[in-house]
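**Student:** The structure is given below, and queries will be raised subsequently.
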Amino acid sequence: MKIAAISDIHGKLIEYPSNYWKGLEECEILFICGDILPLYYQTDIPNSKNWLKTDFTEWCNKLPVEKIFFIAGNHDFIFERKSKEMHDLFPINNKITYLCNEYIEYTSIQDTYEYKIFGTPYCHKFGNWAFMREDDILMKKFNEIPNNLDILFTHDAPYGISDICLEGWAADGQHKGSLPLRDAVVKKCPEILLHGHLHSTNHEREMLYETEVFNTSILNEEYKITYNPLIILI
């Protein structure tokens with residue numbers, strides 16, 4: 001099965017068809033790893049809800065994939081404050097499905113394999129943002145990740161892998177990922193980890209023991225579209 005993945009769109013809904021989306025029509029699933037809402041709506045719950053129901057939903061439905069799985073990010077406050085509403089708006093049986101530290105099994109129409117998938121928005125704490133928790137709480141959250149997943153998609157990056165920003169104000173050479181997430185990935189051994197959150201880290205495949213790790217953010221540190229969607233065969 002071919003999949004695509006993006007993250008940190010921050011309201012930038014790139015139209016399809018366009019050269020940017022080259023190859024998307026061959027993909028069955030699109031994963032979106034959080035930070036979806038425009039920054040000017042991040043704490044504005046009524047406008048966030050309206051944008052999700054109209055702009056985001058209409059955009060998703062135009063994309064030529066069978067399924068879209070997405071999680072929230074630290075800028076997506078409505079998903080933390082209105083969790084049930086968001087699950088009702090984007091339920092499991094829809095083309096567009098919202099997951100929040102949740103497991104799902106998906107049977108591919110391309111290869112009939114049943115893929116084991118888990119999505120989580122939780123991030124290590126460095127400010128007063130949505131879904132940020134202290135490490136002891138993150139350990140409990142990430143302990144819910146099942147063993148031997150096919151795809152784990154997270155907002156945060158695991159510490160030490162794909163977590164050094166390479167440009168702009170954040171390019172200080174320091175690892176910025178989550179230690180509890182790293183520990184969970186090493187313990188649970190998913191085949192693939194897709195993440196975002198850190199915009200300008202390496203976007204090539206990295207390995208965390210047996211897990212392939214990809215940063216799927218599409219923006220740079222100045223919030224300009226810089227990176228193409230990840231498209232891979234799994």
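Simple scheme: letters A, B, ... for chains in structure tokens order, numbers from 1 for residues in each chain, numbers from 1 for ligands in the order shown.
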Mind checking which residues fall within 10 Å of stretch 128-142 of chain A, counting only C-alpha atoms, ignoring those fewer than 6 positions away in the same chain, and posting them as an MDAnalysis selection string?
**Tutor:** chainID A and resid 42:43 72:81 100:101 120:122 155:156 178:185 188
**Student:** Using only C-alpha atoms, which protein or nucleic acid residues come within 8 Å of A:Met1? Drop anything in the same chain fewer than 4 positions from it, and give the result as an MDAnalysis selection string.
**Tutor:** chainID A and resid 27:28 108 110:111 233:234
**Student:** Could you give me, as a PyMOL selection string, each residue of chain A that DSSP assigns to strand (DSSP E) when run on this structure's backbone?
**Tutor:** chain A and resi 2-6+29-33+67-71+96-98+102-107+114-120+123-124+132-133+151-154+192-195+206-208+211-215+230-233
**Student:** For A:Leu166, please output as a list in words all residues within 9 Å (counting only C-alpha atoms; exclusion window: fewer than 6 positions along the same chain).
**Tutor:** Asp172, Gly173, Ser200, Thr201 and Asn202 of chain A
**Student:** Among the residues of stretch 9-223 of chain A, find those DSSP assigns to alpha helix (DSSP H) from the backbone and print them as an MDAnalysis selection string.
**Tutor:** chainID A and resid 45:51 57:62 77:81 83:89 135:142 179:188
**Student:** Neighbours of stretch 12-17 of chain A within 12 Å (only C-alpha atoms; same-chain residues fewer than 3 positions away dropped), as number ranges by chain?
**Tutor:** A: 6-9, 20-25, 32, 35-39, 51-52, 55-65, 217-219, 223-226, 228-229
**Student:** Please measure the separation of atom CA of A:Tyr115 and atom CA of A:Asn19, giving the value in Å to one decimal.
**Tutor:**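 Value for the atom CA of A:Tyr115-atom CA of A:Asn19 distance: 29.0 Å.
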**Student:** What's the separation between atom CA of A:Tyr98 and atom CA of A:Asn47, in Å to one decimal place?
**Tutor:**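 According to the coordinates, atom CA of A:Tyr98 and atom CA of A:Asn47 are separated by 18.5 Å.
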**Student:** Quick one: residues within 6 Å of A:Ala4, only C-alpha atoms counted, chain neighbours fewer than 4 positions away excluded, as a PyMOL selection string?
**Tutor:** chain A and resi 30+230-231
**Student:** Applying 10 Å and only C-alpha atoms, which residues near A:Glu114 remain after dropping the ones on its own chain fewer than 5 positions away? List them as a list in words.
**Tutor:**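 Using only C-alpha atoms, the neighbours found are Ile104, Glu105, Tyr106, Thr107, Ser108, Ile109 and Asp150 of chain A.
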**Student:** Dump C-alpha atoms for the selected residues as an mmCIF file, in the first residue's frame?
**Tutor:**
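What ended up in selection.cif:
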data_model
loop_
_atom_site.group_PDB
_atom_site.id
_atom_site.type_symbol
_atom_site.label_atom_id
_atom_site.label_comp_id
_atom_site.auth_asym_id
_atom_site.auth_seq_id
_atom_site.Cartn_x
_atom_site.Cartn_y
_atom_site.Cartn_z
ATOM 1 C CA ILE A 104 -7.407 1.502 14.739
ATOM 2 C CA GLU A 105 -7.148 -1.343 12.258
ATOM 3 C CA TYR A 106 -7.505 -0.527 8.585
ATOM 4 C CA THR A 107 -7.919 -3.071 5.786
ATOM 5 C CA SER A 108 -6.293 -1.843 2.601
ATOM 6 C CA ILE A 109 -8.117 -2.015 -0.703
ATOM 7 C CA ASP A 150 2.546 -0.985 11.253
#
**Student:** If I take atom CA of A:His124 and atom CA of A:Glu102, how far is one from the other in Å, to one decimal?
**Tutor:**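 Taking atom CA of A:His124 as the start and atom CA of A:Glu102 as the end point, the length is 18.2 Å.
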**Student:** Tell me which of A:Tyr227, A:Ile71, A:His199, A:Ile151 sits closest to A:Glu212, counting only C-alpha atoms.
**Tutor:** A:Ile151
